[in-house]
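A short write-up of the structure that comes next.
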Amino acid sequence: MLLRRKSCKEVPVLCLYGMYKEDAEEIERKMLKDGTVQSTLQFQLSNKMYDEFLNADLTNDEKIEPWSMGMSLGHFQIAIEKELDKRGIQHKAVKINYDLSDTEEFFIEPTNNYDELAHKSDRLNYQKEIRWILPNMHQMDKLVLPYTPLSKESVGIAKGKIVFKVDVAGHVKESVSVASCFNRWQKKL
C-alpha cells in the first residue's frame, strides 16, 4: 500500500512522459576513414505506454488509437519554466525515481518540497516521467498554465505509435553531451 500525505493531493504537478536518452538503441554504426563515427539511434516508447497507460481499463471496443507528440524537451522546459517564473510560482523539475516496491516497506521523509512526489512504483518504470512539482501551491482545482507555443521545428504530432530515429556523428576521442551541444546552440541564438 502506497501512503502519501493528504496535502500531496493539493500540490499541482505537471507531468511529461516519454523517453530518456538512456533509451537510445544504436541500430547502425559506420566508421569513416577520418575516424568519425556515424550512428543511427532509435527511440521507441514502450508498448506498455499504449496498452497499460492509455488503454488500461478499456475494453477492446473502447480502446483509443494513440496520437504521439515529439518535441524538443529543452524548448518545452524553457517555455514552461519561463511562464512559471513570470507568475512567481516556485517549481522543481525532477526525473521520477522508480524505486518504490509494491511489496516492500519504504519511507520518504516529508518535507515542504514534497520530495515524495519524485518517487513511483518500480512497476511503472516504462513511463519515463519527468515532473514539475509546484510545492507552494495548494489547490484542488486543475491548474491551467498557458505558455508560448513551440515552433514547428520544435514539435511534431503524428497518428499512431511513434519511433524516433536520429543520425549522429562524432569522433571516438571526443566526449560530447547533448546538453553541451544544446547550450552552445542556444548561445548562438
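By convention in this document, the chains of the C-alpha cells carry letters A, B, ... by their order, each chain's residues are numbered from 1, and ligands are numbered from 1 in the order they are shown.
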Residue set, chain A restricted to alpha helix (DSSP H), as a ChimeraX atom specification: /A:47-48,73-86,178-188
Residues within 6 Å of region 6-12 of chain A, only C-alpha atoms, excluding chain neighbours under 2 positions, as a VMD selection string: chain A and resid 134 to 135 137 to 140
A:Leu45, A:Glu109, A:Pro66, A:Ala118 ranked by distance to Val13 (chain A), top pick (using only C-alpha atoms): A:Ala118
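Of the residues under consideration (A:Gly74, A:Thr40, A:Glu62, A:Ala79), A:Gly74 shows the shortest atom-to-atom contact distance to Ser180 (chain A) when counting only C-alpha atoms.
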Sort by chain and increasing residue number a table of all residues of region 32-93 of chain A within 9 Å of region 15-22 of chain A, each with its closest pair of atoms and their distance in Å to one decimal, counting only C-alpha atoms, and write it as a tab-separated table.
```
residue	atom	partner	partner_atom	distance
A:Phe43	CA	A:Met19	CA	7.1
A:Gln44	CA	A:Met19	CA	7.5
A:Leu45	CA	A:Met19	CA	6.6
A:Ser46	CA	A:Met19	CA	8.8
A:Met49	CA	A:Gly18	CA	8.8
A:Gly70	CA	A:Gly18	CA	8.8
```
Pick from A:Val37, A:Met71, A:Leu14, A:Val155 nearest to Ala93 (chain A), counting only C-alpha atoms: A:Leu14
All strand (DSSP E or B) positions in region 14-152 of chain A, as a ChimeraX atom specification: /A:14-17,25-31,36-44,67-71,92-95,97-100,119-121,129-133
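For the pair CA of Thr148 (chain A) and CA of Asp167 (chain A), the interatomic distance is 28.8 Å.
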Atomic separation - CA of Glu25 (chain A) relative to CA of Gln42 (chain A), Å: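 Those two atoms sit 5.1 Å apart.
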